[in-house]
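query_17.cif (mmCIF, C-alpha atoms) appears below.
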```cif
data_model
#
loop_
_atom_site.label_atom_id
_atom_site.label_comp_id
_atom_site.auth_asym_id
_atom_site.auth_seq_id
_atom_site.Cartn_x
_atom_site.Cartn_y
_atom_site.Cartn_z
CA MET Z 24 -52.62 -60.94 -75.91
CA LEU Z 25 -51.90 -58.07 -73.55
CA ASP Z 26 -54.71 -55.99 -72.05
CA LEU Z 27 -55.02 -52.80 -74.14
CA ALA Z 28 -56.45 -50.93 -71.15
CA ARG Z 29 -53.28 -51.75 -69.23
CA LEU Z 30 -51.19 -50.49 -72.15
CA ARG Z 31 -53.05 -47.17 -72.16
CA ASP Z 32 -52.97 -46.72 -68.38
CA ASP Z 33 -49.34 -47.72 -67.82
CA PRO Z 34 -47.36 -47.75 -71.10
CA GLU Z 35 -44.04 -47.23 -69.33
CA GLY Z 36 -44.67 -50.12 -66.95
CA VAL Z 37 -45.55 -52.43 -69.82
CA ARG Z 38 -42.54 -51.22 -71.79
CA LYS Z 39 -40.21 -52.09 -68.90
CA ALA Z 40 -41.88 -55.48 -68.39
CA LEU Z 41 -41.55 -56.38 -72.08
CA ALA Z 42 -37.90 -55.27 -72.06
CA ARG Z 43 -37.22 -58.00 -69.48
CA LYS Z 44 -38.03 -60.55 -72.19
CA GLY Z 45 -35.90 -58.68 -74.71
CA ALA Z 46 -35.32 -55.11 -75.86
CA GLN Z 47 -36.86 -55.92 -79.24
CA HIS Z 48 -40.23 -56.54 -77.58
CA ALA Z 49 -40.27 -53.13 -75.89
CA LYS Z 50 -39.44 -51.57 -79.25
CA ALA Z 51 -42.30 -53.50 -80.90
CA LEU Z 52 -44.71 -51.85 -78.46
CA GLU Z 53 -44.22 -48.39 -79.96
CA PRO Z 54 -46.18 -48.91 -83.23
CA LEU Z 55 -49.11 -50.23 -81.21
CA LEU Z 56 -49.14 -47.24 -78.87
CA GLU Z 57 -48.93 -44.88 -81.83
CA ALA Z 58 -51.84 -46.65 -83.57
CA ASP Z 59 -53.89 -46.53 -80.37
CA THR Z 60 -53.29 -42.77 -80.12
CA ARG Z 61 -54.53 -42.35 -83.69
CA ARG Z 62 -57.56 -44.51 -82.90
CA ARG Z 63 -58.53 -42.45 -79.88
CA GLY Z 64 -58.16 -39.28 -81.93
CA ALA Z 65 -60.34 -40.69 -84.70
CA LEU Z 66 -62.96 -41.85 -82.20
CA GLY Z 67 -63.05 -38.38 -80.63
CA ARG Z 68 -63.55 -36.80 -84.04
CA LEU Z 69 -66.20 -39.41 -84.88
CA GLU Z 70 -68.16 -38.70 -81.72
CA ALA Z 71 -68.02 -34.95 -82.46
CA LEU Z 72 -69.39 -35.51 -85.97
CA ARG Z 73 -72.18 -37.76 -84.71
CA HIS Z 74 -73.08 -35.18 -82.09
CA GLU Z 75 -73.18 -32.46 -84.78
CA LYS Z 76 -75.48 -34.61 -86.93
CA ARG Z 77 -77.82 -35.28 -83.98
CA THR Z 78 -78.00 -31.54 -83.31
CA ILE Z 79 -78.95 -30.86 -86.95
CA SER Z 80 -81.59 -33.60 -86.87
CA GLU Z 81 -83.12 -32.29 -83.66
CA SER Z 82 -83.45 -28.73 -85.03
CA PHE Z 83 -84.62 -29.77 -88.51
CA ALA Z 84 -88.37 -29.73 -87.80
CA LYS Z 85 -88.37 -26.09 -86.65
CA ALA Z 86 -86.11 -24.78 -89.44
CA ASP Z 87 -87.38 -22.68 -92.33
CA PRO Z 88 -87.21 -24.14 -95.89
CA ALA Z 89 -83.87 -22.51 -96.73
CA ALA Z 90 -82.34 -23.72 -93.46
CA LYS Z 91 -83.70 -27.21 -94.06
CA GLU Z 92 -82.01 -27.39 -97.43
CA ALA Z 93 -78.73 -26.30 -95.90
CA ALA Z 94 -79.25 -28.85 -93.10
CA ARG Z 95 -79.79 -31.65 -95.62
CA ALA Z 96 -76.60 -30.75 -97.43
CA LYS Z 97 -74.65 -30.55 -94.18
CA SER Z 98 -76.10 -33.83 -92.95
CA LYS Z 99 -75.12 -35.56 -96.19
CA SER Z 100 -71.61 -34.17 -95.90
CA LEU Z 101 -71.41 -35.39 -92.30
CA ASP Z 102 -72.60 -38.86 -93.36
CA GLU Z 103 -69.76 -39.11 -95.84
CA GLU Z 104 -67.19 -37.94 -93.32
CA ILE Z 105 -68.54 -40.31 -90.65
CA LYS Z 106 -68.42 -43.22 -93.10
CA HIS Z 107 -64.80 -42.50 -94.00
CA LEU Z 108 -63.84 -42.16 -90.32
CA GLU Z 109 -65.57 -45.42 -89.40
CA GLU Z 110 -63.62 -47.18 -92.15
CA ALA Z 111 -60.44 -45.56 -90.86
CA VAL Z 112 -61.16 -46.77 -87.31
CA ARG Z 113 -61.76 -50.31 -88.58
CA GLY Z 114 -58.43 -50.16 -90.36
CA ILE Z 115 -56.68 -48.91 -87.23
CA ASP Z 116 -58.37 -51.66 -85.20
CA GLU Z 117 -56.92 -54.26 -87.57
CA GLU Z 118 -53.54 -52.59 -87.30
CA ILE Z 119 -53.72 -52.64 -83.49
CA GLU Z 120 -54.69 -56.32 -83.44
CA THR Z 121 -51.82 -57.20 -85.79
CA GLN Z 122 -49.36 -55.32 -83.58
CA ALA Z 123 -50.80 -56.75 -80.35
CA LEU Z 124 -50.56 -60.35 -81.59
CA ILE Z 125 -46.78 -60.16 -81.98
CA LEU Z 126 -46.19 -58.88 -78.43
CA PRO Z 127 -45.30 -61.55 -75.84
CA ASN Z 128 -46.77 -61.87 -72.38
CA THR Z 129 -45.09 -59.88 -69.63
CA PRO Z 130 -43.20 -61.84 -66.96
CA HIS Z 131 -44.45 -62.16 -63.40
CA ALA Z 132 -42.62 -59.98 -60.87
CA GLN Z 133 -41.02 -63.06 -59.25
CA VAL Z 134 -39.46 -64.22 -62.51
CA PRO Z 135 -35.69 -63.61 -62.35
CA ASP Z 136 -34.02 -61.24 -64.79
CA GLY Z 137 -31.78 -62.70 -67.46
CA THR Z 138 -31.34 -62.92 -71.20
CA ASP Z 139 -30.78 -66.66 -71.68
CA ALA Z 140 -30.48 -69.99 -69.87
CA ALA Z 141 -27.55 -68.66 -67.81
CA GLY Z 142 -30.06 -66.54 -65.88
CA ASN Z 143 -32.28 -69.46 -64.89
CA VAL Z 144 -32.50 -70.37 -61.20
CA GLU Z 145 -32.50 -73.90 -59.82
CA VAL Z 146 -35.39 -74.37 -57.38
CA ARG Z 147 -34.84 -77.96 -56.22
CA GLN Z 148 -33.43 -81.36 -57.12
CA TRP Z 149 -34.78 -84.86 -56.61
CA GLY Z 150 -32.70 -88.01 -56.33
CA LYS Z 151 -29.02 -88.40 -57.12
CA LYS Z 152 -27.06 -88.85 -60.29
CA PRO Z 153 -26.60 -92.59 -60.84
CA ALA Z 154 -23.16 -94.07 -60.25
CA PHE Z 155 -21.86 -96.83 -62.53
CA ALA Z 156 -19.09 -99.37 -62.13
CA PHE Z 157 -18.67 -99.19 -65.90
CA ALA Z 158 -18.67 -96.47 -68.56
CA PRO Z 159 -22.35 -95.74 -69.28
CA LYS Z 160 -23.38 -95.76 -72.91
CA ALA Z 161 -25.38 -93.05 -74.69
CA HIS Z 162 -28.88 -93.98 -75.82
CA TRP Z 163 -27.89 -94.14 -79.48
CA ASP Z 164 -25.40 -96.91 -78.70
CA LEU Z 165 -27.87 -98.66 -76.41
CA GLY Z 166 -30.60 -98.33 -79.03
CA GLU Z 167 -28.48 -99.94 -81.73
CA ALA Z 168 -27.20 -102.75 -79.50
CA LEU Z 169 -30.68 -103.60 -78.21
CA GLY Z 170 -32.50 -103.11 -81.50
CA ILE Z 171 -34.90 -100.56 -80.01
CA LEU Z 172 -34.00 -97.52 -82.15
CA ASP Z 173 -33.36 -97.41 -85.88
CA ASN Z 174 -32.63 -93.80 -86.80
CA ALA Z 175 -31.06 -94.72 -90.14
CA ARG Z 176 -34.29 -96.21 -91.42
CA GLY Z 177 -36.25 -93.34 -89.87
CA VAL Z 178 -34.21 -91.01 -92.06
CA LYS Z 179 -34.96 -93.21 -95.08
CA ILE Z 180 -38.70 -93.02 -94.37
CA ALA Z 181 -39.14 -89.34 -93.53
CA GLY Z 182 -35.81 -87.59 -93.13
CA SER Z 183 -33.65 -86.48 -90.23
CA GLY Z 184 -35.48 -85.89 -86.96
CA PHE Z 185 -38.17 -88.56 -87.41
CA PRO Z 186 -37.20 -91.45 -85.12
CA LEU Z 187 -38.14 -95.08 -85.72
CA TYR Z 188 -38.71 -97.10 -82.54
CA THR Z 189 -38.54 -100.87 -83.07
CA GLY Z 190 -39.32 -103.99 -81.07
CA TRP Z 191 -39.00 -103.38 -77.35
CA GLY Z 192 -38.32 -99.70 -78.09
CA ALA Z 193 -41.77 -99.28 -79.63
CA ARG Z 194 -43.32 -101.17 -76.72
CA LEU Z 195 -41.41 -99.04 -74.20
CA GLU Z 196 -42.69 -95.87 -75.89
CA ARG Z 197 -46.27 -97.13 -75.69
CA ALA Z 198 -45.79 -98.25 -72.08
CA LEU Z 199 -44.52 -94.80 -71.06
CA LEU Z 200 -47.55 -93.08 -72.57
CA ASN Z 201 -50.04 -95.44 -70.93
CA PHE Z 202 -48.27 -95.19 -67.58
CA MET Z 203 -48.33 -91.39 -67.65
CA LEU Z 204 -51.96 -91.12 -68.74
CA ASP Z 205 -53.10 -93.56 -66.04
CA LEU Z 206 -51.17 -91.59 -63.42
CA HIS Z 207 -52.68 -88.27 -64.51
CA VAL Z 208 -56.24 -89.62 -64.82
CA LYS Z 209 -56.58 -92.19 -62.05
CA GLU Z 210 -54.48 -90.57 -59.34
CA GLN Z 211 -54.23 -86.89 -60.20
CA ALA Z 212 -57.86 -86.48 -61.39
CA TYR Z 213 -57.30 -84.94 -64.82
CA ILE Z 214 -59.96 -85.45 -67.48
CA GLU Z 215 -58.52 -87.41 -70.39
CA VAL Z 216 -59.00 -86.02 -73.91
CA PHE Z 217 -57.95 -87.48 -77.24
CA PRO Z 218 -57.66 -84.36 -79.42
CA PRO Z 219 -57.25 -83.83 -83.15
CA PHE Z 220 -53.61 -83.68 -84.24
CA LEU Z 221 -54.51 -80.98 -86.78
CA ALA Z 222 -55.83 -77.58 -85.76
CA ASN Z 223 -57.12 -74.44 -87.46
CA ARG Z 224 -55.67 -70.95 -87.32
CA ASP Z 225 -57.95 -69.74 -84.52
CA THR Z 226 -56.73 -72.59 -82.32
CA MET Z 227 -53.09 -71.75 -82.99
CA ARG Z 228 -53.77 -68.04 -82.54
CA THR Z 229 -55.27 -68.66 -79.08
CA THR Z 230 -52.16 -70.30 -77.64
CA GLY Z 231 -49.79 -67.86 -79.35
CA GLN Z 232 -48.25 -70.06 -82.04
CA VAL Z 233 -49.53 -67.76 -84.79
CA PRO Z 234 -48.73 -65.37 -86.17
CA LYS Z 235 -45.42 -65.15 -84.29
CA PHE Z 236 -44.14 -68.72 -84.89
CA GLU Z 237 -46.05 -69.68 -88.01
CA GLU Z 238 -42.92 -70.53 -89.96
CA ASP Z 239 -41.83 -73.02 -87.29
CA MET Z 240 -44.89 -75.22 -87.82
CA TYR Z 241 -45.90 -77.78 -90.39
CA ARG Z 242 -48.88 -76.51 -92.40
CA LEU Z 243 -51.45 -77.94 -94.77
CA GLU Z 244 -52.04 -74.77 -96.73
CA LYS Z 245 -54.77 -76.24 -98.94
CA ASP Z 246 -56.86 -77.09 -95.86
CA GLY Z 247 -55.90 -74.15 -93.66
CA LEU Z 248 -54.71 -76.52 -90.94
CA TYR Z 249 -51.54 -76.97 -88.89
CA LEU Z 250 -49.96 -80.10 -87.44
CA ILE Z 251 -50.03 -79.40 -83.72
CA PRO Z 252 -46.68 -78.74 -82.00
CA THR Z 253 -48.22 -79.76 -78.67
CA ALA Z 254 -51.59 -80.88 -77.28
CA GLU Z 255 -51.64 -77.53 -75.46
CA ALA Z 256 -53.12 -76.03 -78.63
CA PRO Z 257 -56.31 -78.13 -78.90
CA LEU Z 258 -56.73 -78.40 -75.12
CA THR Z 259 -56.69 -74.61 -74.71
CA SER Z 260 -59.33 -74.22 -77.42
CA ILE Z 261 -61.79 -76.70 -75.88
CA HIS Z 262 -63.48 -73.73 -74.16
CA ARG Z 263 -62.58 -71.01 -76.66
CA ASP Z 264 -65.39 -68.42 -76.98
CA GLU Z 265 -67.16 -69.86 -73.94
CA ILE Z 266 -68.24 -68.50 -70.56
CA LEU Z 267 -67.63 -71.06 -67.81
CA ASP Z 268 -69.30 -71.32 -64.42
CA GLU Z 269 -67.00 -70.26 -61.60
CA ALA Z 270 -67.90 -73.44 -59.70
CA SER Z 271 -66.46 -75.54 -62.55
CA LEU Z 272 -62.96 -74.10 -62.02
CA PRO Z 273 -60.34 -75.41 -62.04
CA LYS Z 274 -60.82 -77.58 -65.11
CA ARG Z 275 -57.91 -79.97 -65.55
CA TYR Z 276 -57.29 -81.91 -68.76
CA THR Z 277 -54.66 -84.36 -69.93
CA ALA Z 278 -54.03 -85.70 -73.41
CA TYR Z 279 -51.64 -87.77 -75.43
CA SER Z 280 -50.66 -86.39 -78.82
CA ALA Z 281 -48.04 -86.74 -81.45
CA CYS Z 282 -46.25 -83.39 -81.80
CA PHE Z 283 -44.69 -81.86 -84.89
CA ARG Z 284 -42.07 -79.10 -84.88
CA ARG Z 285 -39.74 -77.86 -87.60
CA GLU Z 286 -37.14 -76.77 -85.00
CA SER Z 287 -35.81 -74.46 -87.71
CA GLY Z 288 -33.98 -72.32 -85.16
CA ALA Z 289 -32.09 -75.31 -83.78
CA ALA Z 290 -30.38 -76.58 -86.91
CA GLY Z 291 -27.25 -78.55 -86.07
CA LYS Z 292 -27.99 -78.83 -82.34
CA ASP Z 293 -28.22 -82.17 -80.53
CA THR Z 294 -28.28 -84.10 -83.78
CA ARG Z 295 -27.24 -87.50 -82.37
CA GLY Z 296 -29.90 -89.89 -81.22
CA ILE Z 297 -33.33 -88.52 -80.32
CA GLN Z 298 -32.40 -85.46 -78.27
CA ARG Z 299 -34.05 -83.06 -80.73
CA VAL Z 300 -36.58 -84.34 -83.25
CA HIS Z 301 -39.35 -83.07 -85.55
CA GLN Z 302 -41.95 -85.64 -84.47
CA PHE Z 303 -42.39 -86.93 -80.94
CA ASN Z 304 -44.99 -88.11 -78.44
CA LYS Z 305 -46.08 -86.30 -75.33
CA THR Z 306 -48.69 -86.28 -72.62
CA GLU Z 307 -49.93 -82.81 -71.76
CA LEU Z 308 -51.41 -81.32 -68.60
CA MET Z 309 -53.64 -78.27 -69.02
CA THR Z 310 -55.67 -76.24 -66.51
CA TYR Z 311 -58.29 -73.51 -66.72
CA ALA Z 312 -57.98 -71.73 -63.37
CA HIS Z 313 -59.54 -68.92 -61.36
CA PRO Z 314 -57.20 -65.90 -61.57
CA ASP Z 315 -56.88 -65.78 -57.79
CA LYS Z 316 -55.61 -69.36 -57.62
CA SER Z 317 -53.58 -69.84 -60.79
CA TYR Z 318 -50.18 -69.77 -59.09
CA GLU Z 319 -51.33 -72.44 -56.65
CA GLU Z 320 -52.34 -74.42 -59.74
CA LEU Z 321 -48.89 -73.89 -61.27
CA GLU Z 322 -47.27 -75.53 -58.23
CA ARG Z 323 -49.72 -78.42 -58.38
CA LEU Z 324 -49.28 -78.95 -62.11
CA THR Z 325 -45.49 -78.90 -61.76
CA ASN Z 326 -45.63 -81.43 -58.91
CA ASP Z 327 -47.90 -83.67 -61.00
CA ALA Z 328 -45.36 -83.67 -63.85
CA GLU Z 329 -42.51 -84.34 -61.39
CA GLU Z 330 -44.30 -87.43 -60.12
CA VAL Z 331 -43.62 -89.15 -63.45
CA LEU Z 332 -39.88 -88.74 -63.00
CA LYS Z 333 -39.94 -89.76 -59.36
CA ARG Z 334 -41.75 -93.03 -60.04
CA LEU Z 335 -39.34 -93.89 -62.82
CA GLY Z 336 -36.39 -93.33 -60.47
CA LEU Z 337 -34.84 -90.53 -62.53
CA HIS Z 338 -32.70 -87.78 -61.07
CA TYR Z 339 -33.96 -84.33 -62.10
CA ARG Z 340 -33.95 -80.68 -61.19
CA VAL Z 341 -36.63 -77.97 -61.31
CA VAL Z 342 -35.51 -74.67 -62.80
CA ARG Z 343 -37.36 -71.35 -62.77
CA LEU Z 344 -36.76 -69.71 -66.12
CA CYS Z 345 -35.52 -66.14 -66.30
CA ALA Z 346 -37.50 -63.56 -68.25
CA GLY Z 347 -35.34 -63.75 -71.38
CA ASP Z 348 -35.50 -67.56 -71.59
CA MET Z 349 -39.27 -67.92 -71.18
CA GLY Z 350 -41.71 -68.73 -73.94
CA PHE Z 351 -43.73 -66.16 -75.84
CA SER Z 352 -47.02 -66.65 -73.96
CA ALA Z 353 -45.71 -67.46 -70.47
CA ALA Z 354 -45.80 -65.26 -67.39
CA MET Z 355 -43.85 -67.80 -65.31
CA THR Z 356 -42.28 -71.15 -66.20
CA TYR Z 357 -40.68 -74.06 -64.40
CA ASP Z 358 -38.59 -76.45 -66.50
CA LEU Z 359 -38.07 -80.04 -65.40
CA GLU Z 360 -34.62 -81.21 -66.47
CA VAL Z 361 -33.82 -84.90 -66.16
CA TRP Z 362 -30.26 -86.22 -65.91
CA ALA Z 363 -29.09 -88.37 -68.82
CA PRO Z 364 -25.84 -90.06 -67.73
CA GLY Z 365 -24.88 -91.40 -71.18
CA VAL Z 366 -25.21 -87.97 -72.78
CA GLY Z 367 -23.75 -86.43 -69.61
CA ARG Z 368 -26.18 -83.54 -69.28
CA TYR Z 369 -29.58 -82.44 -68.06
CA LEU Z 370 -32.34 -82.60 -70.67
CA GLU Z 371 -35.58 -80.62 -70.50
CA VAL Z 372 -38.58 -82.96 -70.47
CA SER Z 373 -41.28 -80.56 -69.34
CA SER Z 374 -42.05 -76.84 -69.20
CA CYS Z 375 -44.83 -75.94 -66.78
CA SER Z 376 -46.19 -72.45 -67.36
CA ASN Z 377 -48.81 -70.03 -66.13
CA PHE Z 378 -50.00 -67.83 -69.00
CA GLU Z 379 -52.34 -65.84 -66.74
CA ASP Z 380 -55.03 -64.25 -68.98
CA PHE Z 381 -52.79 -63.91 -72.07
CA GLN Z 382 -54.22 -66.90 -73.95
CA ALA Z 383 -57.71 -66.47 -72.54
CA ARG Z 384 -57.90 -62.95 -73.97
CA ARG Z 385 -56.90 -64.24 -77.41
CA GLY Z 386 -59.47 -67.03 -77.15
CA ALA Z 387 -62.26 -65.18 -75.27
CA ILE Z 388 -62.30 -67.80 -72.50
CA ARG Z 389 -64.20 -66.34 -69.56
CA PHE Z 390 -66.10 -67.29 -66.42
CA LYS Z 391 -68.98 -65.89 -64.41
CA ASP Z 392 -67.45 -64.45 -61.26
CA GLY Z 393 -70.11 -65.30 -58.69
CA GLY Z 394 -72.77 -64.30 -61.19
CA LYS Z 395 -72.00 -60.61 -60.69
CA GLY Z 396 -70.80 -58.04 -63.19
CA LYS Z 397 -69.10 -58.79 -66.48
CA PRO Z 398 -67.50 -62.20 -67.06
CA ARG Z 399 -63.79 -62.32 -66.26
CA LEU Z 400 -60.98 -63.99 -68.17
CA VAL Z 401 -59.74 -67.30 -66.79
CA HIS Z 402 -56.05 -68.06 -66.36
CA THR Z 403 -54.63 -70.94 -68.42
CA LEU Z 404 -51.71 -73.19 -67.50
CA ASN Z 405 -50.03 -76.13 -69.15
CA GLY Z 406 -47.09 -78.47 -68.81
CA SER Z 407 -45.73 -81.63 -70.36
CA GLY Z 408 -46.33 -84.70 -68.32
CA THR Z 409 -43.90 -85.49 -70.08
CA ALA Z 410 -42.35 -85.53 -73.58
CA THR Z 411 -41.14 -89.04 -74.35
CA PRO Z 412 -37.95 -88.76 -76.43
CA ARG Z 413 -35.81 -87.30 -73.67
CA LEU Z 414 -37.66 -89.37 -71.07
CA PHE Z 415 -36.77 -92.43 -73.16
CA ILE Z 416 -33.15 -91.23 -73.23
CA ALA Z 417 -32.93 -90.69 -69.47
CA LEU Z 418 -34.67 -93.94 -68.62
CA THR Z 419 -32.54 -96.15 -70.86
CA GLU Z 420 -29.28 -94.43 -69.91
CA THR Z 421 -30.04 -94.34 -66.17
CA HIS Z 422 -31.20 -97.94 -65.85
CA GLN Z 423 -28.63 -99.58 -68.15
CA GLN Z 424 -26.76 -102.54 -66.69
CA ALA Z 425 -23.20 -103.80 -67.07
CA ASP Z 426 -24.34 -106.65 -69.34
CA GLY Z 427 -25.90 -104.17 -71.78
CA SER Z 428 -29.49 -104.74 -70.66
CA ILE Z 429 -31.91 -102.11 -69.36
CA LEU Z 430 -33.68 -102.69 -66.05
CA ILE Z 431 -37.31 -101.53 -66.27
CA PRO Z 432 -38.59 -99.48 -63.29
CA GLU Z 433 -41.25 -101.28 -61.26
CA PRO Z 434 -44.21 -98.99 -62.23
CA LEU Z 435 -43.61 -99.68 -65.95
CA ARG Z 436 -43.40 -103.46 -65.74
CA PRO Z 437 -47.16 -104.15 -65.88
CA TYR Z 438 -47.36 -102.02 -69.03
CA LEU Z 439 -44.32 -103.50 -70.73
CA GLY Z 440 -44.73 -107.11 -69.62
CA THR Z 441 -41.08 -107.54 -68.64
CA ASP Z 442 -38.61 -106.33 -66.06
CA ARG Z 443 -35.67 -106.05 -68.43
CA ILE Z 444 -34.78 -105.33 -72.06
CA THR Z 445 -31.88 -107.55 -73.05
CA PRO Z 446 -29.51 -107.60 -76.04
#
```
Any chance you could give the structure as structure tokens?
Amino acid sequence: MLDLARLRDDPEGVRKALARKGAQHAKALEPLLEADTRRRGALGRLEALRHEKRTISESFAKADPAAKEAARAKSKSLDEEIKHLEEAVRGIDEEIETQALILPNTPHAQVPDGTDAAGNVEVRQWGKKPAFAFAPKAHWDLGEALGILDNARGVKIAGSGFPLYTGWGARLERALLNFMLDLHVKEQAYIEVFPPFLANRDTMRTTGQVPKFEEDMYRLEKDGLYLIPTAEAPLTSIHRDEILDEASLPKRYTAYSACFRRESGAAGKDTRGIQRVHQFNKTELMTYAHPDKSYEELERLTNDAEEVLKRLGLHYRVVRLCAGDMGFSAAMTYDLEVWAPGVGRYLEVSSCSNFEDFQARRGAIRFKDGGKGKPRLVHTLNGSGTATPRLFIALTETHQQADGSILIPEPLRPYLGTDRITP
């Protein structure tokens, strides 16, 4: 949620910043500013009425009987008017909150302008695209030949977009998750969490999924719960409504979770294989940071996610997203895009974002700044470390061999118990 004080002090600056994410967002600001103007007017009138009532009360004891009767009548009239105005202010407050919750975060000044992925800027690459002495197969062909993916039966069980990993495919999926968690915990010093895969509305509101993207999530309406689209949601609410000690920052967490997304806006895209699915696994990296150091943390978090791809010997690039291609809550985002030679394209496997105080304001996540003054809002950051479907794609397509087998990268072998998946 944006800072209302900032909106009042610099509405034009906020309007321009929101317009970088899309003209519709700048337009959505206007009802909020109008409601805030009405609120300030109502508060001014309310204060005047309260002052008038105090003045009557203070002079009541010295008034003559006739004046007292008139004062009582006036005071009663003021009470009614004050009550109605207080109700009006509460209504405007609800209106302001509703309007504020649909406004995205504003992009950092260093985020490039642009309306879509064409405006994104490549920051760096690692490794080289693999060269083959044969025509590399796509993962859906590899999966069928090796018996590691069975999408047809996945469709039978749950419908399109719910993959079924079988045999060595299921073991490879489990190996990837264990490898990533051990890397993040043992070497990168994140605290491991195993969160609920269902979350309440307050949790989803904190990260920005609701109300803006409510229709894109799976819901259990009877229970008031949502299937989480990412472990970011529960991890960000670990310290919701808390005041942290400054010395405890940064707090770094990692978690495995299954993730559930309707992907309603992507119908018909990337339908072959497991490029775009409704259920998938992911390890998440999440940080609560001091505001003065959050962009240092963004670089660290991004590097930690990159380490997964490096150790698996996968060529990838880091892309800084332009304003129009960033997520709702993000102030700056790096995407990690891994090369999948069978598909013949880069696939996003991680988005590493700094949300600054946008989520913390929604979730009232604060810290004591040296024990002085009012508590300040922390900055929150998160990134995938990484999502497994596209990692699975890149790994199997990159390390496929001429005989149809898949060579397993050295770091995964202890987890998988073999150096090769064979037909």
In file coordinates, which residues lie within 9 Å of (-42.2, -104.6, -86.8) using all atoms listed in the file, given as number ranges by chain? Z: 189-190, 193
Residues near Z:Lys333, cut-off 9 Å, all atoms listed in the file, skip fewer than 6 positions along chain, as a PyMOL selection string: chain Z and resi 149-150+339
Taking only residues of stretch 352-392 of chain Z that have an atom at most 7 Å from an atom of stretch 398-416 of chain Z, what is each one's shortest atom pair and its distance in Å to one decimal, using all atoms listed in the file, in chain and number order, as a Markdown table?
```
| residue | atom | partner | partner_atom | distance |
| --- | --- | --- | --- | --- |
| Z:Ala363 | CA | Z:Ile416 | CA | 6.6 |
| Z:Leu370 | CA | Z:Arg413 | CA | 6.6 |
| Z:Val372 | CA | Z:Ala410 | CA | 5.5 |
| Z:Ser373 | CA | Z:Ser407 | CA | 4.7 |
| Z:Ser374 | CA | Z:Gly406 | CA | 5.3 |
| Z:Cys375 | CA | Z:Gly406 | CA | 4.0 |
| Z:Ser376 | CA | Z:Leu404 | CA | 5.6 |
| Z:Asn377 | CA | Z:Leu404 | CA | 4.5 |
| Z:Phe378 | CA | Z:Thr403 | CA | 5.6 |
| Z:Glu379 | CA | Z:His402 | CA | 4.3 |
| Z:Asp380 | CA | Z:His402 | CA | 4.7 |
| Z:Gln382 | CA | Z:Thr403 | CA | 6.9 |
| Z:Ala383 | CA | Z:Leu400 | CA | 6.0 |
| Z:Arg384 | CA | Z:Leu400 | CA | 6.6 |
| Z:Ile388 | CA | Z:Leu400 | CA | 5.9 |
| Z:Arg389 | CA | Z:Leu400 | CA | 4.2 |
| Z:Phe390 | CA | Z:Pro398 | CA | 5.3 |
| Z:Lys391 | CA | Z:Pro398 | CA | 4.8 |
| Z:Asp392 | CA | Z:Pro398 | CA | 6.2 |
```
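Candidate residues Z:Val178, Z:Gly36, Z:Tyr249, Z:Leu221 were compared for distance to Z:Val233, and the nearest is Z:Tyr249, using all atoms listed in the file.
Against the coordinates shown, the PyMOL selection byres ((chain Z and resi 102) around 12) returns Leu69, Leu72, Arg73, His74, Glu75, Lys76, Arg77, Arg95, Ala96, Lys97, Ser98, Lys99, Ser100, Leu101, Glu103, Glu104, Ile105, Lys106, His107, Leu108 and Glu109 of chain Z.
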Apply the PyMOL selection byres ((chain Z and resi 431) around 8) to the displayed file and report the matching residues as a PDB file with C-alpha atoms, in the frame of the given file.
```
ATOM      1  CA  HIS Z 422     -31.200 -97.940 -65.850  1.00  0.00           C
ATOM      2  CA  ILE Z 429     -31.910-102.110 -69.360  1.00  0.00           C
ATOM      3  CA  LEU Z 430     -33.680-102.690 -66.050  1.00  0.00           C
ATOM      4  CA  PRO Z 432     -38.590 -99.480 -63.290  1.00  0.00           C
ATOM      5  CA  GLU Z 433     -41.250-101.280 -61.260  1.00  0.00           C
ATOM      6  CA  LEU Z 435     -43.610 -99.680 -65.950  1.00  0.00           C
ATOM      7  CA  ARG Z 436     -43.400-103.460 -65.740  1.00  0.00           C
ATOM      8  CA  THR Z 441     -41.080-107.540 -68.640  1.00  0.00           C
ATOM      9  CA  ASP Z 442     -38.610-106.330 -66.060  1.00  0.00           C
ATOM     10  CA  ARG Z 443     -35.670-106.050 -68.430  1.00  0.00           C
ATOM     11  CA  ILE Z 444     -34.780-105.330 -72.060  1.00  0.00           C
TER      12      ILE Z 444
END
```
Once the PyMOL selection byres ((chain Z and resi 274) around 7) has been applied to the shown file, what residues remain in the selection, as a PyMOL selection string? chain Z and resi 271-273+275-276+310-312
Between Z:Arg68, Z:Arg194, Z:His262, Z:Arg38, which residue has the minimum interatomic distance to Z:Thr226, considering only C-alpha atoms? Z:His262
Name the residues within 12 Å of (-37.9, -57.0, -77.1), counting all atoms listed in the file in the file's coordinates, and put them as a ChimeraX atom specification. /Z:37-53,125-129,138,346-347,351
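Closest approach to Z:Met240 among Z:Ala353, Z:Ala222, Z:Ala141, Z:Leu187 is made by Z:Ala222 (distances from all atoms listed in the file).
If you look at atom CA of Z:Pro130 and atom CA of Z:Met355, they are 6.2 Å away from each other.
Relative to atom CA of Z:Val361, atom CA of Z:Ala254 is found at 21.3 Å.
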Please measure the separation of atom CA of Z:Glu265 and atom CA of Z:Lys235, giving the value in Å to one decimal. 24.5 Å
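The residue that comes closest to Z:Gln423, out of Z:Phe157, Z:Gly114, Z:Thr121, Z:Ala65 and on the basis of only C-alpha atoms, is Z:Phe157.
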Which polymer residues have any atom within 10 Å of an atom of stretch 161-168 of chain Z, counting all atoms listed in the file, with same-chain residues fewer than 6 positions away left out, as number ranges by chain? Z: 174, 188-189, 191-192, 295-298, 363-367, 413, 415-421, 423, 427-429, 445-446
